Amino acid sequence: MGKGSANRIYRTNVGSILRITFVITALVALTGCGWTQAAVLDPKGPIGFEERDLLIKAAGLMLIVIIPVFVMSFWFVWHFRASNVKAVYAPHWSYSLPVDAVVWLVPTAIVLVLGYLVWTYAHKLDPYKPIEAKSAPLEVDVVSQDWKWLFIYPEQTIAVVNELVFPSDRPLSLKLTSDTVMNSFYIPGLGGQIYTMAGMQTQLNLLADGPAKLVGRNTQYSGTGFPEQHFAVYATTETDFATWVARVKQSPKTLDAATYAALTKPSGNVPVTYYSTYEADLFDKIIQKYMDQ
């Protein structure tokens with residue numbers, strides 16, 4: 001094969017790669033993933049804002065390496081193409097101290113900065129750390145089941161399946177456990193993620209800046225009904241919250257021992273269910289039954 005034919009084949013391959021890259025980039029751009037369409041990037045509370053800031057800072061630091069890599073990859077392909085007779089041909093070149101220093105020192109610096117940021121934010125955003133506010137926190141006990149979420153309101157003496165409602169601008173203090181395998185409680189719009197485990201209690205403190213409608217879900221695979229294990233989240237005004245509590249208290253359903261036993265059976269796509277009352281010390285009993293085994 002002549003040199004001219006080889007050059008044409010090479011240019012054709014490079015052109016194909018560039019066209020494929022352009023198509024992929026266009027498809028990604030057309031997916032419609034706007035800034036406000038991802039709950040993580042459009043948080044509704046201070047914890048979510050802090051986590052978004054950490055995500056942006058971490059991404060920016062990593063782009064220090066990623067952008068030059070992509071630029072140099074395309075530049076090398078173009079500059080050292082077969083048809084560029086001006087490109088320096090150095091088959092015996094094997095080492096450069098400046099290149100070696102950049103390859104090692106830049107990533108090391110990035111890792112050190114990322115480590116500092118993660119360490120700082122990990123303590124700043126400790127899920128067990130109470131949130132300072134003028135109002136007292138609303139306490140809610142959370143129980144993960146197969147495949148649904150139970151929310152118990154001790155102060156209001158009500159219980160709800162697959163719906164979490166709380167006043168905005170008032171801290172939300174959650175105590176969490178599991179009555180099945182390990183689950184992961186997560187509300188992307190508010191930030192924070194915490195595991196729920198049988199026989200154990202974890203804690204999570206959140207806050208919404210204003211009224212909002214969000215979605216929470218389990219992010220730890222837990223079996224067949226895992227994809228449907230999500231719940232509605234409503235941050236409301238104090239007045240709307242009081243109205244909602246009054247509506248739940250009017251429900252004819254009560255969460256006694258027999259009803260709870262039926263609720264624990266595996267089931268997916270469970271509709272929102274209100275219980276006007278529940279068995280005394282239910283949350284503690286759920287934890288204790290695994291402690292006695």
# chains A, B, ... in the order shown; residues from 1 in each chain; ligands from 1
>>> residues_around(residues="Asp141 in chain A", least_positions_apart="3", cutoff="12 Å", atoms="only C-alpha atoms", output="number ranges by chain")
A: 138, 144, 149-161, 164, 172-178, 196, 201-205, 281-284, 286-287
>>> residues_around(residues="Asp256 in chain A", least_positions_apart="2", cutoff="12 Å", atoms="only C-alpha atoms", output="ChimeraX atom specification")
/A:158-159,253-254,258-263,275-282
>>> write_last_selection(atoms="C-alpha atoms", output="short mmCIF file (atom, residue, chain, number, x, y, z; two decimals), in the first residue's frame")
data_model
loop_
_atom_site.label_atom_id
_atom_site.label_comp_id
_atom_site.auth_asym_id
_atom_site.auth_seq_id
_atom_site.Cartn_x
_atom_site.Cartn_y
_atom_site.Cartn_z
CA ILE A 158 -50.14 9.70 63.58
CA ALA A 159 -48.48 7.40 61.04
CA LYS A 253 -57.46 3.33 59.99
CA THR A 254 -55.31 2.66 63.03
CA ALA A 258 -52.19 -6.79 63.61
CA THR A 259 -52.30 -4.02 61.01
CA TYR A 260 -48.58 -3.46 61.29
CA ALA A 261 -47.87 -7.17 60.88
CA ALA A 262 -49.84 -7.12 57.62
CA LEU A 263 -48.04 -3.95 56.51
CA TYR A 275 -53.30 6.04 60.23
CA SER A 276 -54.95 8.25 62.83
CA THR A 277 -53.19 6.43 65.68
CA TYR A 278 -50.52 3.77 66.08
CA GLU A 279 -49.37 1.23 68.62
CA ALA A 280 -47.54 2.81 71.55
CA ASP A 281 -43.70 2.76 71.31
CA LEU A 282 -43.94 1.15 67.86
#
>>> select_by_dssp(residues="range 49-195 of chain A", states="alpha helix (DSSP H)", output="PyMOL selection string")
chain A and resi 49-79+97-124
>>> atom_distance(atom1="CA of Gln288 in chain A", atom2="CA of Ser222 in chain A")
21.8 Å
>>> select_by_dssp(residues="range 27-242 of chain A", states="strand (DSSP E or B)", output="MDAnalysis selection string")
chainID A and resid 138:145 148:153 158:161 163:167 172:178 183:186 193:196 198 202:206 212:218 230:236
>>> atom_distance(atom1="CA of Ser267 in chain A", atom2="CA of Met182 in chain A")
16.5 Å
>>> closest_residue(among="A:Met291, A:Ala257, A:Ile56, A:Leu207", to="Pro130 in chain A", atoms="only C-alpha atoms")
A:Leu207
>>> residues_around(residues="range 228-234 of chain A", least_positions_apart="2", cutoff="10 Å", atoms="only C-alpha atoms", output="number ranges by chain")
A: 144-150, 161-168, 185-187, 189-190, 208, 211-219, 221-222, 224-226, 236-237, 241, 267-272
>>> atom_distance(atom1="CA of Asp126 in chain A", atom2="CA of Pro107 in chain A")
27.7 Å
>>> decode(residues="range 37-75 of chain A", atoms="N, CA and C atoms", output="PDB file, in the first residue's frame")
ATOM      1  N   GLN A  37     -33.419  20.581  36.345  1.00  0.00           N
ATOM      2  CA  GLN A  37     -34.155  19.335  36.198  1.00  0.00           C
ATOM      3  C   GLN A  37     -33.572  18.223  37.057  1.00  0.00           C
ATOM      4  N   ALA A  38     -32.387  18.403  37.578  1.00  0.00           N
ATOM      5  CA  ALA A  38     -31.773  17.437  38.480  1.00  0.00           C
ATOM      6  C   ALA A  38     -31.919  17.971  39.898  1.00  0.00           C
ATOM      7  N   ALA A  39     -32.592  17.208  40.756  1.00  0.00           N
ATOM      8  CA  ALA A  39     -32.860  17.683  42.118  1.00  0.00           C
ATOM      9  C   ALA A  39     -31.582  17.987  42.876  1.00  0.00           C
ATOM     10  N   VAL A  40     -30.530  17.230  42.616  1.00  0.00           N
ATOM     11  CA  VAL A  40     -29.261  17.450  43.310  1.00  0.00           C
ATOM     12  C   VAL A  40     -28.684  18.818  42.961  1.00  0.00           C
ATOM     13  N   LEU A  41     -28.935  19.278  41.727  1.00  0.00           N
ATOM     14  CA  LEU A  41     -28.394  20.559  41.283  1.00  0.00           C
ATOM     15  C   LEU A  41     -29.336  21.727  41.548  1.00  0.00           C
ATOM     16  N   ASP A  42     -30.534  21.446  42.023  1.00  0.00           N
ATOM     17  CA  ASP A  42     -31.504  22.485  42.345  1.00  0.00           C
ATOM     18  C   ASP A  42     -32.093  22.221  43.729  1.00  0.00           C
ATOM     19  N   PRO A  43     -31.261  22.253  44.762  1.00  0.00           N
ATOM     20  CA  PRO A  43     -31.703  21.893  46.116  1.00  0.00           C
ATOM     21  C   PRO A  43     -32.661  22.908  46.706  1.00  0.00           C
ATOM     22  N   LYS A  44     -33.431  22.446  47.696  1.00  0.00           N
ATOM     23  CA  LYS A  44     -34.426  23.284  48.358  1.00  0.00           C
ATOM     24  C   LYS A  44     -34.112  23.503  49.833  1.00  0.00           C
ATOM     25  N   GLY A  45     -32.883  23.219  50.234  1.00  0.00           N
ATOM     26  CA  GLY A  45     -32.521  23.401  51.629  1.00  0.00           C
ATOM     27  C   GLY A  45     -31.030  23.624  51.780  1.00  0.00           C
ATOM     28  N   PRO A  46     -30.582  24.086  52.951  1.00  0.00           N
ATOM     29  CA  PRO A  46     -29.166  24.422  53.157  1.00  0.00           C
ATOM     30  C   PRO A  46     -28.232  23.218  53.040  1.00  0.00           C
ATOM     31  N   ILE A  47     -28.675  22.043  53.498  1.00  0.00           N
ATOM     32  CA  ILE A  47     -27.828  20.860  53.384  1.00  0.00           C
ATOM     33  C   ILE A  47     -27.606  20.519  51.915  1.00  0.00           C
ATOM     34  N   GLY A  48     -28.661  20.584  51.133  1.00  0.00           N
ATOM     35  CA  GLY A  48     -28.546  20.315  49.714  1.00  0.00           C
ATOM     36  C   GLY A  48     -27.644  21.318  49.007  1.00  0.00           C
ATOM     37  N   PHE A  49     -27.738  22.595  49.400  1.00  0.00           N
ATOM     38  CA  PHE A  49     -26.878  23.614  48.796  1.00  0.00           C
ATOM     39  C   PHE A  49     -25.411  23.342  49.093  1.00  0.00           C
ATOM     40  N   GLU A  50     -25.106  22.974  50.318  1.00  0.00           N
ATOM     41  CA  GLU A  50     -23.719  22.673  50.686  1.00  0.00           C
ATOM     42  C   GLU A  50     -23.200  21.467  49.906  1.00  0.00           C
ATOM     43  N   GLU A  51     -24.033  20.443  49.762  1.00  0.00           N
ATOM     44  CA  GLU A  51     -23.616  19.253  49.025  1.00  0.00           C
ATOM     45  C   GLU A  51     -23.431  19.565  47.544  1.00  0.00           C
ATOM     46  N   ARG A  52     -24.284  20.427  47.000  1.00  0.00           N
ATOM     47  CA  ARG A  52     -24.109  20.824  45.604  1.00  0.00           C
ATOM     48  C   ARG A  52     -22.806  21.594  45.415  1.00  0.00           C
ATOM     49  N   ASP A  53     -22.490  22.464  46.369  1.00  0.00           N
ATOM     50  CA  ASP A  53     -21.241  23.216  46.285  1.00  0.00           C
ATOM     51  C   ASP A  53     -20.039  22.280  46.301  1.00  0.00           C
ATOM     52  N   LEU A  54     -20.098  21.267  47.162  1.00  0.00           N
ATOM     53  CA  LEU A  54     -19.002  20.297  47.220  1.00  0.00           C
ATOM     54  C   LEU A  54     -18.883  19.544  45.896  1.00  0.00           C
ATOM     55  N   LEU A  55     -20.012  19.166  45.320  1.00  0.00           N
ATOM     56  CA  LEU A  55     -20.008  18.463  44.044  1.00  0.00           C
ATOM     57  C   LEU A  55     -19.393  19.318  42.944  1.00  0.00           C
ATOM     58  N   ILE A  56     -19.769  20.590  42.901  1.00  0.00           N
ATOM     59  CA  ILE A  56     -19.241  21.493  41.873  1.00  0.00           C
ATOM     60  C   ILE A  56     -17.743  21.714  42.064  1.00  0.00           C
ATOM     61  N   LYS A  57     -17.316  21.911  43.309  1.00  0.00           N
ATOM     62  CA  LYS A  57     -15.893  22.113  43.574  1.00  0.00           C
ATOM     63  C   LYS A  57     -15.085  20.878  43.187  1.00  0.00           C
ATOM     64  N   ALA A  58     -15.593  19.690  43.540  1.00  0.00           N
ATOM     65  CA  ALA A  58     -14.886  18.458  43.202  1.00  0.00           C
ATOM     66  C   ALA A  58     -14.804  18.272  41.685  1.00  0.00           C
ATOM     67  N   ALA A  59     -15.911  18.547  40.994  1.00  0.00           N
ATOM     68  CA  ALA A  59     -15.917  18.420  39.533  1.00  0.00           C
ATOM     69  C   ALA A  59     -14.951  19.415  38.898  1.00  0.00           C
ATOM     70  N   GLY A  60     -14.933  20.640  39.416  1.00  0.00           N
ATOM     71  CA  GLY A  60     -14.021  21.638  38.887  1.00  0.00           C
ATOM     72  C   GLY A  60     -12.568  21.243  39.054  1.00  0.00           C
ATOM     73  N   LEU A  61     -12.229  20.695  40.205  1.00  0.00           N
ATOM     74  CA  LEU A  61     -10.851  20.251  40.435  1.00  0.00           C
ATOM     75  C   LEU A  61     -10.461  19.129  39.474  1.00  0.00           C
ATOM     76  N   MET A  62     -11.370  18.194  39.263  1.00  0.00           N
ATOM     77  CA  MET A  62     -11.057  17.077  38.375  1.00  0.00           C
ATOM     78  C   MET A  62     -10.965  17.517  36.921  1.00  0.00           C
ATOM     79  N   LEU A  63     -11.663  18.591  36.561  1.00  0.00           N
ATOM     80  CA  LEU A  63     -11.572  19.106  35.195  1.00  0.00           C
ATOM     81  C   LEU A  63     -10.187  19.666  34.896  1.00  0.00           C
ATOM     82  N   ILE A  64      -9.423  19.998  35.951  1.00  0.00           N
ATOM     83  CA  ILE A  64      -8.055  20.467  35.744  1.00  0.00           C
ATOM     84  C   ILE A  64      -7.241  19.403  35.018  1.00  0.00           C
ATOM     85  N   VAL A  65      -7.550  18.154  35.255  1.00  0.00           N
ATOM     86  CA  VAL A  65      -6.877  17.055  34.567  1.00  0.00           C
ATOM     87  C   VAL A  65      -7.636  16.650  33.308  1.00  0.00           C
ATOM     88  N   ILE A  66      -8.956  16.577  33.405  1.00  0.00           N
ATOM     89  CA  ILE A  66      -9.755  16.037  32.302  1.00  0.00           C
ATOM     90  C   ILE A  66      -9.680  16.907  31.049  1.00  0.00           C
ATOM     91  N   ILE A  67      -9.809  18.217  31.200  1.00  0.00           N
ATOM     92  CA  ILE A  67      -9.804  19.102  30.026  1.00  0.00           C
ATOM     93  C   ILE A  67      -8.479  19.036  29.267  1.00  0.00           C
ATOM     94  N   PRO A  68      -7.322  19.176  29.945  1.00  0.00           N
ATOM     95  CA  PRO A  68      -6.061  19.051  29.195  1.00  0.00           C
ATOM     96  C   PRO A  68      -5.888  17.690  28.524  1.00  0.00           C
ATOM     97  N   VAL A  69      -6.372  16.626  29.161  1.00  0.00           N
ATOM     98  CA  VAL A  69      -6.252  15.302  28.557  1.00  0.00           C
ATOM     99  C   VAL A  69      -7.006  15.234  27.235  1.00  0.00           C
ATOM    100  N   PHE A  70      -8.231  15.738  27.217  1.00  0.00           N
ATOM    101  CA  PHE A  70      -9.007  15.715  25.974  1.00  0.00           C
ATOM    102  C   PHE A  70      -8.400  16.634  24.921  1.00  0.00           C
ATOM    103  N   VAL A  71      -7.951  17.814  25.336  1.00  0.00           N
ATOM    104  CA  VAL A  71      -7.346  18.743  24.380  1.00  0.00           C
ATOM    105  C   VAL A  71      -6.088  18.129  23.768  1.00  0.00           C
ATOM    106  N   MET A  72      -5.221  17.571  24.622  1.00  0.00           N
ATOM    107  CA  MET A  72      -3.982  16.989  24.111  1.00  0.00           C
ATOM    108  C   MET A  72      -4.237  15.752  23.263  1.00  0.00           C
ATOM    109  N   SER A  73      -5.277  14.994  23.608  1.00  0.00           N
ATOM    110  CA  SER A  73      -5.589  13.801  22.813  1.00  0.00           C
ATOM    111  C   SER A  73      -5.912  14.172  21.375  1.00  0.00           C
ATOM    112  N   PHE A  74      -6.761  15.194  21.184  1.00  0.00           N
ATOM    113  CA  PHE A  74      -7.098  15.630  19.830  1.00  0.00           C
ATOM    114  C   PHE A  74      -5.908  16.322  19.156  1.00  0.00           C
ATOM    115  N   TRP A  75      -5.144  17.089  19.939  1.00  0.00           N
ATOM    116  CA  TRP A  75      -4.011  17.800  19.354  1.00  0.00           C
ATOM    117  C   TRP A  75      -2.932  16.833  18.895  1.00  0.00           C
TER     118      TRP A  75
END
